[in-house]
>>> print(open('input.csv').read())   # CSV, C-alpha atoms
chain,number,residue,atom,x,y,z
A,1,MET,CA,11.2,40.9,57.0
A,2,LYS,CA,13.4,39.9,54.0
A,3,GLU,CA,12.1,40.4,50.5
A,4,GLN,CA,12.2,37.4,48.3
A,5,PHE,CA,14.8,38.0,45.5
A,6,ARG,CA,13.5,37.6,42.0
A,7,ASN,CA,15.6,37.0,38.9
A,8,PRO,CA,13.8,38.8,36.0
A,9,LEU,CA,16.2,37.4,33.4
A,10,GLY,CA,15.7,33.8,34.6
A,11,LEU,CA,12.0,34.3,34.6
A,12,GLN,CA,12.0,35.7,31.1
A,13,LEU,CA,14.1,32.7,29.9
A,14,ARG,CA,11.8,30.2,31.5
A,15,THR,CA,8.8,31.9,30.0
A,16,ALA,CA,10.4,32.0,26.6
A,17,LEU,CA,11.2,28.3,26.8
A,18,GLN,CA,7.7,27.4,27.9
A,19,VAL,CA,6.2,29.4,25.0
A,20,GLY,CA,8.6,27.7,22.6
A,21,GLU,CA,7.7,24.2,23.9
A,22,PHE,CA,4.0,25.0,23.6
A,23,ALA,CA,4.4,26.4,20.0
A,24,LEU,CA,6.5,23.4,19.1
A,25,LEU,CA,3.8,21.0,20.4
A,26,SER,CA,1.1,23.0,18.5
A,27,ILE,CA,3.1,22.7,15.3
A,28,GLY,CA,3.6,19.0,15.7
A,29,LEU,CA,-0.1,18.4,16.3
A,30,SER,CA,-1.2,20.6,13.4
A,31,ILE,CA,1.2,18.9,10.9
A,32,VAL,CA,0.3,15.4,12.1
A,33,ALA,CA,3.8,14.0,11.7
A,34,GLY,CA,4.4,14.3,7.9
A,35,CYS,CA,1.8,12.0,6.3
A,36,ALA,CA,2.3,10.5,2.9
A,37,THR,CA,-0.6,9.4,0.6
A,38,THR,CA,-0.2,6.4,-1.6
A,39,ARG,CA,-2.0,5.1,-4.7
A,40,VAL,CA,-1.3,1.5,-6.1
A,41,GLU,CA,-2.7,0.3,-9.4
A,42,GLN,CA,-2.4,-3.1,-11.1
A,43,ASN,CA,-2.7,-4.3,-14.7
A,44,ARG,CA,-2.8,-8.1,-15.0
A,45,GLN,CA,-2.2,-9.7,-18.3
A,46,ALA,CA,-1.7,-13.4,-17.4
A,47,VAL,CA,-2.4,-15.9,-14.7
A,48,THR,CA,0.4,-16.2,-12.2
A,49,GLY,CA,1.5,-18.5,-9.3
A,50,ILE,CA,4.8,-19.6,-7.8
A,51,ALA,CA,6.0,-22.9,-6.4
A,52,SER,CA,8.0,-23.3,-3.3
A,53,ASP,CA,11.1,-24.2,-5.2
A,54,GLU,CA,10.8,-21.3,-7.6
A,55,ALA,CA,12.2,-17.8,-7.0
A,56,MET,CA,11.8,-14.2,-8.1
A,57,VAL,CA,14.5,-11.6,-8.7
A,58,ILE,CA,13.9,-7.8,-8.4
A,59,LEU,CA,16.0,-5.7,-10.7
A,60,GLY,CA,16.2,-1.9,-10.6
A,61,ARG,CA,16.9,0.1,-13.8
A,62,ALA,CA,20.7,0.7,-13.7
A,63,THR,CA,21.9,3.7,-15.7
A,64,TYR,CA,24.5,6.4,-15.4
A,65,ASN,CA,22.1,9.3,-15.0
A,66,ASP,CA,19.7,10.8,-12.5
A,67,ARG,CA,16.9,8.5,-13.6
A,68,GLN,CA,18.5,5.4,-12.1
A,69,THR,CA,16.3,3.5,-9.7
A,70,GLU,CA,17.7,3.7,-6.2
A,71,GLU,CA,19.3,0.5,-4.8
A,72,SER,CA,17.7,1.3,-1.4
A,73,PHE,CA,14.3,1.0,-3.0
A,74,THR,CA,14.9,-2.5,-4.4
A,75,ASP,CA,16.5,-3.5,-1.1
A,76,CYS,CA,13.3,-2.3,0.6
A,77,LEU,CA,11.2,-4.5,-1.7
A,78,GLU,CA,13.4,-7.5,-1.0
A,79,ASP,CA,13.2,-7.1,2.7
A,80,ILE,CA,9.3,-6.9,2.7
A,81,LEU,CA,8.8,-9.7,0.2
A,82,GLY,CA,11.3,-12.1,1.8
A,83,SER,CA,9.6,-11.8,5.2
A,84,GLY,CA,6.1,-11.9,6.7
A,85,ASP,CA,3.5,-14.7,6.7
A,86,ARG,CA,3.8,-15.4,3.0
A,87,PRO,CA,7.5,-14.9,2.1
A,88,ILE,CA,8.6,-15.3,-1.5
A,89,ARG,CA,12.0,-16.9,-2.2
A,90,LEU,CA,14.2,-14.2,-3.7
A,91,VAL,CA,17.5,-14.3,-5.6
A,92,PRO,CA,19.5,-11.2,-4.5
A,93,GLN,CA,19.9,-8.7,-7.2
A,94,GLN,CA,23.7,-8.6,-7.2
A,95,GLU,CA,23.9,-12.4,-7.1
A,96,PHE,CA,21.7,-12.6,-10.2
A,97,VAL,CA,23.6,-9.8,-12.0
A,98,ASP,CA,26.9,-11.6,-11.3
A,99,GLN,CA,25.5,-14.9,-12.5
A,100,MET,CA,24.2,-13.4,-15.7
A,101,TYR,CA,27.4,-11.5,-16.5
A,102,PRO,CA,27.7,-9.5,-18.8
A,103,TRP,CA,24.0,-9.1,-19.8
A,104,PHE,CA,22.8,-7.2,-16.7
A,105,GLU,CA,25.8,-5.0,-16.1
A,106,PRO,CA,25.0,-1.2,-16.1
A,107,ARG,CA,26.4,-0.6,-19.5
A,108,THR,CA,24.8,-3.6,-21.2
A,109,ALA,CA,21.6,-4.1,-19.2
A,110,PRO,CA,18.2,-3.5,-20.9
A,111,GLY,CA,17.2,0.2,-20.8
A,112,SER,CA,13.5,-0.6,-20.3
A,113,ALA,CA,11.0,-3.4,-19.5
A,114,SER,CA,10.3,-3.8,-23.2
A,115,ASP,CA,14.0,-4.6,-23.9
A,116,LEU,CA,13.8,-7.7,-21.7
A,117,GLY,CA,11.9,-9.6,-24.4
A,118,GLN,CA,14.7,-9.1,-26.8
A,119,LEU,CA,17.3,-10.1,-24.3
A,120,PHE,CA,15.5,-13.4,-23.6
A,121,THR,CA,16.0,-14.4,-27.2
A,122,VAL,CA,19.8,-14.2,-26.9
A,123,PRO,CA,21.4,-17.7,-26.9
A,124,GLY,CA,22.3,-18.8,-23.4
A,125,VAL,CA,20.3,-16.2,-21.5
A,126,ARG,CA,17.2,-18.3,-20.8
A,127,GLU,CA,19.3,-21.3,-19.8
A,128,LYS,CA,21.3,-19.3,-17.3
A,129,ILE,CA,18.1,-17.9,-15.7
A,130,ALA,CA,16.6,-21.4,-15.5
A,131,ASP,CA,19.7,-22.6,-13.6
A,132,SER,CA,19.0,-20.1,-10.9
A,133,LYS,CA,15.4,-21.4,-10.5
A,134,VAL,CA,14.1,-17.9,-11.2
A,135,ARG,CA,10.4,-18.0,-12.4
A,136,TYR,CA,9.6,-14.3,-12.3
A,137,LEU,CA,11.6,-11.2,-12.9
A,138,ALA,CA,10.3,-7.9,-11.6
A,139,TRP,CA,11.8,-4.9,-13.5
A,140,ILE,CA,11.6,-1.8,-11.3
A,141,GLU,CA,11.6,1.7,-12.8
A,142,GLY,CA,11.1,5.0,-11.1
A,143,ASP,CA,12.5,7.4,-8.5
A,144,THR,CA,11.7,9.9,-5.8
A,145,ILE,CA,12.0,13.6,-6.7
A,146,THR,CA,11.5,16.9,-4.9
A,147,ILE,CA,8.7,18.8,-6.6
A,148,ASP,CA,8.5,21.9,-4.3
A,149,LYS,CA,10.3,23.4,-1.4
A,150,GLY,CA,10.2,26.7,0.6
A,151,GLY,CA,10.2,28.4,3.9
A,152,SER,CA,13.2,29.8,5.8
A,153,MET,CA,15.3,28.7,8.8
A,154,SER,CA,17.9,30.8,10.7
A,155,CYS,CA,20.2,29.7,13.4
A,156,THR,CA,22.2,32.0,15.7
A,157,VAL,CA,24.9,31.5,18.4
A,158,SER,CA,25.7,34.0,21.1
A,159,THR,CA,27.3,34.2,24.5
A,160,PHE,CA,23.8,33.7,26.0
A,161,GLY,CA,23.2,30.5,24.0
A,162,GLY,CA,21.7,29.9,20.5
A,163,GLY,CA,18.9,28.3,18.6
A,164,CYS,CA,17.2,27.9,15.3
A,165,PHE,CA,13.9,29.7,14.4
A,166,GLY,CA,11.6,29.4,11.4
A,167,MET,CA,10.3,26.6,9.3
A,168,SER,CA,11.2,25.0,5.9
A,169,TYR,CA,9.4,22.3,3.9
A,170,TRP,CA,9.9,20.1,0.9
A,171,GLU,CA,7.3,18.1,-1.0
A,172,GLN,CA,8.4,14.8,-2.6
A,173,ASP,CA,6.8,12.5,-5.2
A,174,ALA,CA,7.7,8.9,-5.3
A,175,SER,CA,6.6,7.1,-8.5
A,176,TYR,CA,7.6,3.5,-9.3
A,177,GLU,CA,6.4,0.7,-11.7
A,178,ALA,CA,7.1,-3.0,-11.6
A,179,SER,CA,6.9,-4.9,-14.9
A,180,ILE,CA,6.6,-8.7,-14.1
A,181,TRP,CA,8.0,-11.2,-16.5
A,182,ASP,CA,7.4,-15.0,-16.5
A,183,VAL,CA,10.7,-16.4,-17.5
A,184,GLU,CA,9.1,-19.8,-18.2
A,185,THR,CA,6.8,-18.4,-20.9
A,186,LEU,CA,9.0,-15.4,-21.8
A,187,ASP,CA,5.9,-13.2,-21.6
A,188,THR,CA,5.1,-10.2,-19.4
A,189,THR,CA,2.3,-11.0,-16.9
A,190,GLY,CA,1.4,-7.4,-15.9
A,191,GLN,CA,2.5,-4.2,-14.3
A,192,ILE,CA,2.0,-2.7,-10.9
A,193,SER,CA,2.5,1.0,-10.2
A,194,ALA,CA,2.8,2.8,-6.9
A,195,ASP,CA,2.8,6.6,-6.4
A,196,ALA,CA,3.2,8.3,-3.1
A,197,ASN,CA,3.3,12.0,-2.2
A,198,GLY,CA,4.2,13.7,1.0
A,199,THR,CA,5.5,17.0,2.5
A,200,SER,CA,8.3,17.0,5.1
A,201,TYR,CA,8.9,19.9,7.5
A,202,LEU,CA,11.8,21.2,9.6
A,203,ALA,CA,10.5,23.3,12.4
A,204,GLY,CA,13.0,25.4,14.3
A,205,LEU,CA,12.0,26.7,17.8
A,206,VAL,CA,15.4,26.6,19.6
A,207,VAL,CA,16.0,23.0,18.5
A,208,PRO,CA,15.3,22.0,14.9
A,209,VAL,CA,12.7,19.2,14.7
A,210,PRO,CA,12.3,17.3,11.5
A,211,ILE,CA,8.9,15.9,10.6
A,212,LEU,CA,9.4,13.5,7.7
A,213,ALA,CA,6.8,12.1,5.3
A,214,ARG,CA,9.0,9.5,3.6
A,215,PRO,CA,7.0,8.9,0.4
A,216,GLY,CA,9.6,6.5,-0.9
A,217,ASN,CA,9.1,4.1,2.0
A,218,ALA,CA,5.3,4.4,1.5
A,219,ALA,CA,5.6,3.6,-2.2
A,220,CYS,CA,7.8,0.6,-1.4
A,221,LYS,CA,5.4,-0.9,1.1
A,222,GLY,CA,2.4,-0.4,-1.2
A,223,LEU,CA,4.2,-1.9,-4.2
A,224,ALA,CA,5.7,-4.8,-2.2
A,225,GLU,CA,2.4,-6.0,-0.8
A,226,GLN,CA,0.6,-5.8,-4.1
A,227,LEU,CA,3.5,-7.6,-5.8
A,228,ARG,CA,3.3,-10.4,-3.2
A,229,THR,CA,-0.4,-10.8,-4.0
A,230,PHE,CA,0.2,-10.7,-7.7
A,231,ILE,CA,3.0,-13.3,-7.8
A,232,SER,CA,1.0,-15.6,-5.6
A,233,GLY,CA,-1.9,-15.5,-8.0
A,234,GLU,CA,-4.2,-14.1,-5.4
A,235,GLY,CA,-5.2,-10.9,-7.0
>>> encode(input="input.csv", output="C-alpha coordinates")
Amino acid sequence: MKEQFRNPLGLQLRTALQVGEFALLSIGLSIVAGCATTRVEQNRQAVTGIASDEAMVILGRATYNDRQTEESFTDCLEDILGSGDRPIRLVPQQEFVDQMYPWFEPRTAPGSASDLGQLFTVPGVREKIADSKVRYLAWIEGDTITIDKGGSMSCTVSTFGGGCFGMSYWEQDASYEASIWDVETLDTTGQISADANGTSYLAGLVVPVPILARPGNAACKGLAEQLRTFISGEG
(Lines of atoms letter the chains of each structure in order from A and count residues from 1; the text may use other names and numbers.)
(Lines give C-alpha, C1' and ligand atoms only; values in the text may rest on other atoms or scores of the structure.)
Protein backbone atom coordinates (compact mmCIF):
# COMPACT_ATOMS: atom_id res chain seq x y z
CA MET A 1 0.00 0.00 0.00
CA LYS A 2 1.35 3.44 -0.96
CA GLU A 3 1.56 6.09 1.68
CA GLN A 4 -0.12 9.39 0.82
CA PHE A 5 2.54 12.06 0.39
CA ARG A 6 2.13 15.13 2.59
CA ASN A 7 3.74 18.51 1.99
CA PRO A 8 4.53 20.00 5.42
CA LEU A 9 5.56 23.36 3.94
CA GLY A 10 2.39 23.70 1.89
CA LEU A 11 0.28 22.76 4.90
CA GLN A 12 2.03 25.36 7.02
CA LEU A 13 1.51 28.05 4.38
CA ARG A 14 -2.19 27.24 4.06
CA THR A 15 -2.57 27.28 7.82
CA ALA A 16 -0.80 30.64 8.07
CA LEU A 17 -3.02 32.13 5.38
CA GLN A 18 -6.15 30.82 7.08
CA VAL A 19 -5.03 32.30 10.39
CA GLY A 20 -4.24 35.59 8.66
CA GLU A 21 -7.66 35.71 6.99
CA PHE A 22 -9.39 34.97 10.28
CA ALA A 23 -7.39 37.64 12.12
CA LEU A 24 -8.08 40.15 9.35
CA LEU A 25 -11.80 39.44 9.56
CA SER A 26 -11.70 39.80 13.34
CA ILE A 27 -9.97 43.17 13.08
CA GLY A 28 -12.45 44.39 10.48
CA LEU A 29 -15.38 43.41 12.67
CA SER A 30 -13.92 44.94 15.82
CA ILE A 31 -13.06 48.27 14.18
CA VAL A 32 -16.49 48.56 12.47
CA ALA A 33 -15.17 50.14 9.30
CA GLY A 34 -13.80 53.43 10.54
CA CYS A 35 -16.79 55.34 11.92
CA ALA A 36 -16.92 59.15 12.12
CA THR A 37 -19.06 61.08 14.62
CA THR A 38 -20.60 64.39 13.51
CA ARG A 39 -22.06 67.35 15.39
CA VAL A 40 -23.94 70.16 13.58
CA GLU A 41 -25.04 73.39 15.26
CA GLN A 42 -27.01 76.35 13.93
CA ASN A 43 -27.34 79.99 14.95
CA ARG A 44 -30.13 81.79 13.09
CA GLN A 45 -30.27 85.59 13.13
CA ALA A 46 -32.85 86.35 10.44
CA VAL A 47 -35.71 84.83 8.48
CA THR A 48 -34.62 83.24 5.20
CA GLY A 49 -36.20 81.90 2.02
CA ILE A 50 -35.14 81.56 -1.60
CA ALA A 51 -37.16 81.94 -4.81
CA SER A 52 -36.79 79.67 -7.82
CA ASP A 53 -35.01 82.37 -9.84
CA GLU A 54 -32.56 83.17 -7.05
CA ALA A 55 -29.26 81.46 -6.40
CA MET A 56 -26.63 80.90 -3.77
CA VAL A 57 -22.86 80.88 -4.08
CA ILE A 58 -20.50 78.95 -1.81
CA LEU A 59 -17.10 80.52 -1.24
CA GLY A 60 -14.23 78.87 0.60
CA ARG A 61 -11.64 80.98 2.38
CA ALA A 62 -8.76 81.40 -0.05
CA THR A 63 -5.37 82.17 1.48
CA TYR A 64 -1.76 81.25 0.87
CA ASN A 65 -1.24 79.24 4.06
CA ASP A 66 -2.21 75.93 5.62
CA ARG A 67 -5.53 77.34 6.89
CA GLN A 68 -7.07 77.54 3.43
CA THR A 69 -10.43 75.80 3.06
CA GLU A 70 -10.06 72.86 0.68
CA GLU A 71 -11.68 73.29 -2.71
CA SER A 72 -12.77 69.65 -2.52
CA PHE A 73 -14.92 70.54 0.51
CA THR A 74 -16.78 73.36 -1.25
CA ASP A 75 -17.18 71.11 -4.31
CA CYS A 76 -18.74 68.49 -2.03
CA LEU A 77 -21.22 71.06 -0.67
CA GLU A 78 -22.16 72.12 -4.20
CA ASP A 79 -22.74 68.53 -5.33
CA ILE A 80 -25.12 67.81 -2.42
CA LEU A 81 -27.02 71.13 -2.47
CA GLY A 82 -27.48 71.09 -6.24
CA SER A 83 -29.08 67.62 -6.24
CA GLY A 84 -31.72 65.68 -4.34
CA ASP A 85 -35.43 66.34 -3.86
CA ARG A 86 -34.94 70.00 -2.96
CA PRO A 87 -32.06 71.28 -5.11
CA ILE A 88 -30.85 74.85 -4.68
CA ARG A 89 -29.68 76.79 -7.71
CA LEU A 90 -25.98 77.47 -7.31
CA VAL A 91 -23.56 79.77 -9.05
CA PRO A 92 -20.23 77.86 -9.30
CA GLN A 93 -17.52 79.33 -7.11
CA GLN A 94 -15.01 79.93 -9.90
CA GLU A 95 -17.66 81.52 -12.14
CA PHE A 96 -18.62 83.91 -9.35
CA VAL A 97 -14.96 84.77 -8.58
CA ASP A 98 -14.31 85.49 -12.28
CA GLN A 99 -17.44 87.64 -12.52
CA MET A 100 -16.47 89.62 -9.41
CA TYR A 101 -12.85 90.19 -10.44
CA PRO A 102 -10.74 91.42 -8.68
CA TRP A 103 -12.59 91.49 -5.34
CA PHE A 104 -12.56 87.75 -4.67
CA GLU A 105 -9.12 86.86 -5.96
CA PRO A 106 -6.94 85.10 -3.32
CA ARG A 107 -4.78 88.16 -2.65
CA THR A 108 -7.68 90.62 -2.36
CA ALA A 109 -10.55 88.43 -1.08
CA PRO A 110 -11.98 89.02 2.41
CA GLY A 111 -9.99 87.22 5.09
CA SER A 112 -13.01 86.42 7.25
CA ALA A 113 -16.80 86.48 7.23
CA SER A 114 -16.84 89.82 9.05
CA ASP A 115 -14.88 91.42 6.19
CA LEU A 116 -17.73 90.72 3.77
CA GLY A 117 -19.85 93.54 5.21
CA GLN A 118 -17.13 96.04 4.38
CA LEU A 119 -16.72 94.64 0.89
CA PHE A 120 -20.43 95.04 0.16
CA THR A 121 -20.11 98.80 0.68
CA VAL A 122 -17.51 99.14 -2.09
CA PRO A 123 -19.08 100.88 -5.12
CA GLY A 124 -20.03 98.40 -7.85
CA VAL A 125 -19.80 95.21 -5.74
CA ARG A 126 -23.48 94.94 -4.83
CA GLU A 127 -24.56 95.65 -8.41
CA LYS A 128 -22.32 92.92 -9.81
CA ILE A 129 -23.70 90.40 -7.31
CA ALA A 130 -27.27 91.39 -8.19
CA ASP A 131 -26.56 90.78 -11.89
CA SER A 132 -25.72 87.17 -11.11
CA LYS A 133 -29.10 86.67 -9.31
CA VAL A 134 -27.22 85.57 -6.18
CA ARG A 135 -29.42 86.02 -3.09
CA TYR A 136 -27.27 84.25 -0.50
CA LEU A 137 -23.54 83.95 -0.07
CA ALA A 138 -22.22 81.15 2.15
CA TRP A 139 -18.70 81.84 3.37
CA ILE A 140 -16.96 78.60 4.41
CA GLU A 141 -14.08 78.49 6.86
CA GLY A 142 -12.33 75.46 8.30
CA ASP A 143 -10.19 72.48 7.47
CA THR A 144 -9.43 68.86 8.31
CA ILE A 145 -6.37 68.18 10.44
CA THR A 146 -4.65 65.10 11.87
CA ILE A 147 -4.63 65.32 15.65
CA ASP A 148 -3.08 61.95 16.53
CA LYS A 149 -1.35 59.02 14.86
CA GLY A 150 0.58 55.94 15.90
CA GLY A 151 1.17 52.23 15.43
CA SER A 152 3.71 50.57 13.18
CA MET A 153 3.72 48.73 9.88
CA SER A 154 6.52 46.66 8.35
CA CYS A 155 6.64 45.12 4.90
CA THR A 156 9.08 42.47 3.72
CA VAL A 157 9.88 40.81 0.39
CA SER A 158 11.77 37.53 0.03
CA THR A 159 12.21 34.66 -2.41
CA PHE A 160 9.28 32.91 -0.71
CA GLY A 161 6.95 35.91 -1.10
CA GLY A 162 6.24 38.97 0.98
CA GLY A 163 3.68 40.83 3.00
CA CYS A 164 2.95 43.61 5.45
CA PHE A 165 2.34 43.11 9.14
CA GLY A 166 1.25 45.46 11.90
CA MET A 167 -1.26 48.25 12.27
CA SER A 168 -1.15 52.04 12.10
CA TYR A 169 -3.84 54.59 12.80
CA TRP A 170 -4.49 58.31 12.42
CA GLU A 171 -7.22 60.39 14.04
CA GLN A 172 -8.61 63.37 12.15
CA ASP A 173 -10.83 66.27 13.14
CA ALA A 174 -12.88 68.13 10.50
CA SER A 175 -14.23 71.49 11.66
CA TYR A 176 -16.08 73.87 9.32
CA GLU A 177 -18.38 76.88 9.67
CA ALA A 178 -20.67 78.51 7.13
CA SER A 179 -21.59 82.18 7.56
CA ILE A 180 -24.65 82.97 5.45
CA TRP A 181 -25.15 86.48 4.07
CA ASP A 182 -28.31 87.87 2.47
CA VAL A 183 -27.01 90.02 -0.38
CA GLU A 184 -30.38 91.75 -0.73
CA THR A 185 -30.29 93.14 2.82
CA LEU A 186 -26.47 93.08 3.18
CA ASP A 187 -26.86 91.39 6.56
CA THR A 188 -25.66 88.09 7.97
CA THR A 189 -28.54 85.67 8.53
CA GLY A 190 -26.71 83.15 10.72
CA GLN A 191 -24.00 80.56 11.06
CA ILE A 192 -23.88 76.78 10.79
CA SER A 193 -20.99 74.74 12.15
CA ALA A 194 -20.16 71.09 11.52
CA ASP A 195 -17.55 69.09 13.40
CA ALA A 196 -16.65 65.48 12.64
CA ASN A 197 -14.07 63.24 14.25
CA GLY A 198 -12.91 59.80 13.18
CA THR A 199 -10.02 57.36 13.36
CA SER A 200 -8.73 55.54 10.28
CA TYR A 201 -6.69 52.34 10.34
CA LEU A 202 -4.27 50.51 8.09
CA ALA A 203 -4.14 46.85 9.09
CA GLY A 204 -1.40 44.70 7.60
CA LEU A 205 -1.81 40.92 7.53
CA VAL A 206 -0.04 39.93 4.32
CA VAL A 207 -2.06 42.55 2.36
CA PRO A 208 -2.52 46.09 3.82
CA VAL A 209 -6.21 46.87 4.32
CA PRO A 210 -7.24 50.53 4.85
CA ILE A 211 -10.28 51.25 7.01
CA LEU A 212 -11.06 54.94 6.49
CA ALA A 213 -13.30 57.13 8.65
CA ARG A 214 -13.45 60.15 6.25
CA PRO A 215 -14.53 62.85 8.77
CA GLY A 216 -14.27 65.51 6.06
CA ASN A 217 -17.01 63.79 4.03
CA ALA A 218 -19.14 63.39 7.16
CA ALA A 219 -18.80 67.11 7.98
CA CYS A 220 -19.70 68.02 4.39
CA LYS A 221 -22.89 65.96 4.42
CA GLY A 222 -24.00 67.30 7.79
CA LEU A 223 -23.30 70.92 6.87
CA ALA A 224 -24.90 70.65 3.41
CA GLU A 225 -28.20 69.23 4.65
CA GLN A 226 -28.45 71.81 7.43
CA LEU A 227 -27.57 74.57 4.97
CA ARG A 228 -30.33 73.41 2.60
CA THR A 229 -32.90 73.57 5.40
CA PHE A 230 -31.59 76.96 6.58
CA ILE A 231 -31.69 78.64 3.16
CA SER A 232 -35.15 77.27 2.41
CA GLY A 233 -36.42 78.82 5.65
CA GLU A 234 -37.50 75.48 7.06
CA GLY A 235 -35.36 75.43 10.16
>>> residues_around(input="input.csv", residues="stretch 145-156 of chain A", least_positions_apart="4", cutoff="12 Å", atoms="all atoms listed in the file", output="ChimeraX atom specification")
/A:66-70,160-176,195-209,214-216
>>> atom_distance(input="input.csv", atom1="atom CA of A:Met56", atom2="atom CA of A:Asp98")
15.7 Å
>>> atom_distance(input="input.csv", atom1="atom CA of A:Val183", atom2="atom CA of A:Val97")
15.5 Å
>>> closest_residue(input="input.csv", among="A:Gln94, A:Ser193, A:Gly84, A:Lys221", to="A:Val40", atoms="all atoms listed in the file")
A:Ser193
>>> atom_distance(input="input.csv", atom1="atom CA of A:Ala138", atom2="atom CA of A:Leu77")
10.5 Å
>>> build_atoms(input="input.csv", residues="stretch 95-107 of chain A", atoms="N, CA and C atoms", output="PDB file, in the frame of the given file")
ATOM      1  N   GLU A  95      23.576 -10.967  -6.805  1.00  0.00           N
ATOM      2  CA  GLU A  95      23.900 -12.400  -7.100  1.00  0.00           C
ATOM      3  C   GLU A  95      23.418 -12.724  -8.522  1.00  0.00           C
ATOM      4  N   PHE A  96      22.214 -12.286  -8.860  1.00  0.00           N
ATOM      5  CA  PHE A  96      21.700 -12.600 -10.200  1.00  0.00           C
ATOM      6  C   PHE A  96      22.475 -11.857 -11.262  1.00  0.00           C
ATOM      7  N   VAL A  97      22.827 -10.581 -11.038  1.00  0.00           N
ATOM      8  CA  VAL A  97      23.600  -9.800 -12.000  1.00  0.00           C
ATOM      9  C   VAL A  97      24.967 -10.486 -12.245  1.00  0.00           C
ATOM     10  N   ASP A  98      25.614 -10.954 -11.166  1.00  0.00           N
ATOM     11  CA  ASP A  98      26.900 -11.600 -11.300  1.00  0.00           C
ATOM     12  C   ASP A  98      26.761 -12.927 -12.081  1.00  0.00           C
ATOM     13  N   GLN A  99      25.681 -13.662 -11.811  1.00  0.00           N
ATOM     14  CA  GLN A  99      25.500 -14.900 -12.500  1.00  0.00           C
ATOM     15  C   GLN A  99      25.176 -14.763 -13.969  1.00  0.00           C
ATOM     16  N   MET A 100      24.540 -13.639 -14.317  1.00  0.00           N
ATOM     17  CA  MET A 100      24.200 -13.400 -15.700  1.00  0.00           C
ATOM     18  C   MET A 100      25.172 -12.531 -16.450  1.00  0.00           C
ATOM     19  N   TYR A 101      26.346 -12.336 -15.891  1.00  0.00           N
ATOM     20  CA  TYR A 101      27.400 -11.500 -16.500  1.00  0.00           C
ATOM     21  C   TYR A 101      27.586 -11.939 -17.985  1.00  0.00           C
ATOM     22  N   PRO A 102      27.652 -10.991 -18.939  1.00  0.00           N
ATOM     23  CA  PRO A 102      27.700  -9.500 -18.800  1.00  0.00           C
ATOM     24  C   PRO A 102      26.319  -8.868 -19.128  1.00  0.00           C
ATOM     25  N   TRP A 103      25.242  -9.635 -19.219  1.00  0.00           N
ATOM     26  CA  TRP A 103      24.000  -9.100 -19.800  1.00  0.00           C
ATOM     27  C   TRP A 103      23.274  -8.098 -18.923  1.00  0.00           C
ATOM     28  N   PHE A 104      23.522  -8.128 -17.616  1.00  0.00           N
ATOM     29  CA  PHE A 104      22.800  -7.200 -16.700  1.00  0.00           C
ATOM     30  C   PHE A 104      23.759  -6.190 -16.076  1.00  0.00           C
ATOM     31  N   GLU A 105      24.945  -6.029 -16.622  1.00  0.00           N
ATOM     32  CA  GLU A 105      25.800  -5.000 -16.100  1.00  0.00           C
ATOM     33  C   GLU A 105      25.276  -3.621 -16.558  1.00  0.00           C
ATOM     34  N   PRO A 106      25.559  -2.556 -15.802  1.00  0.00           N
ATOM     35  CA  PRO A 106      25.000  -1.200 -16.100  1.00  0.00           C
ATOM     36  C   PRO A 106      25.089  -0.790 -17.539  1.00  0.00           C
ATOM     37  N   ARG A 107      26.228  -1.062 -18.178  1.00  0.00           N
ATOM     38  CA  ARG A 107      26.400  -0.600 -19.500  1.00  0.00           C
ATOM     39  C   ARG A 107      25.769  -1.431 -20.593  1.00  0.00           C
TER      40      ARG A 107
END
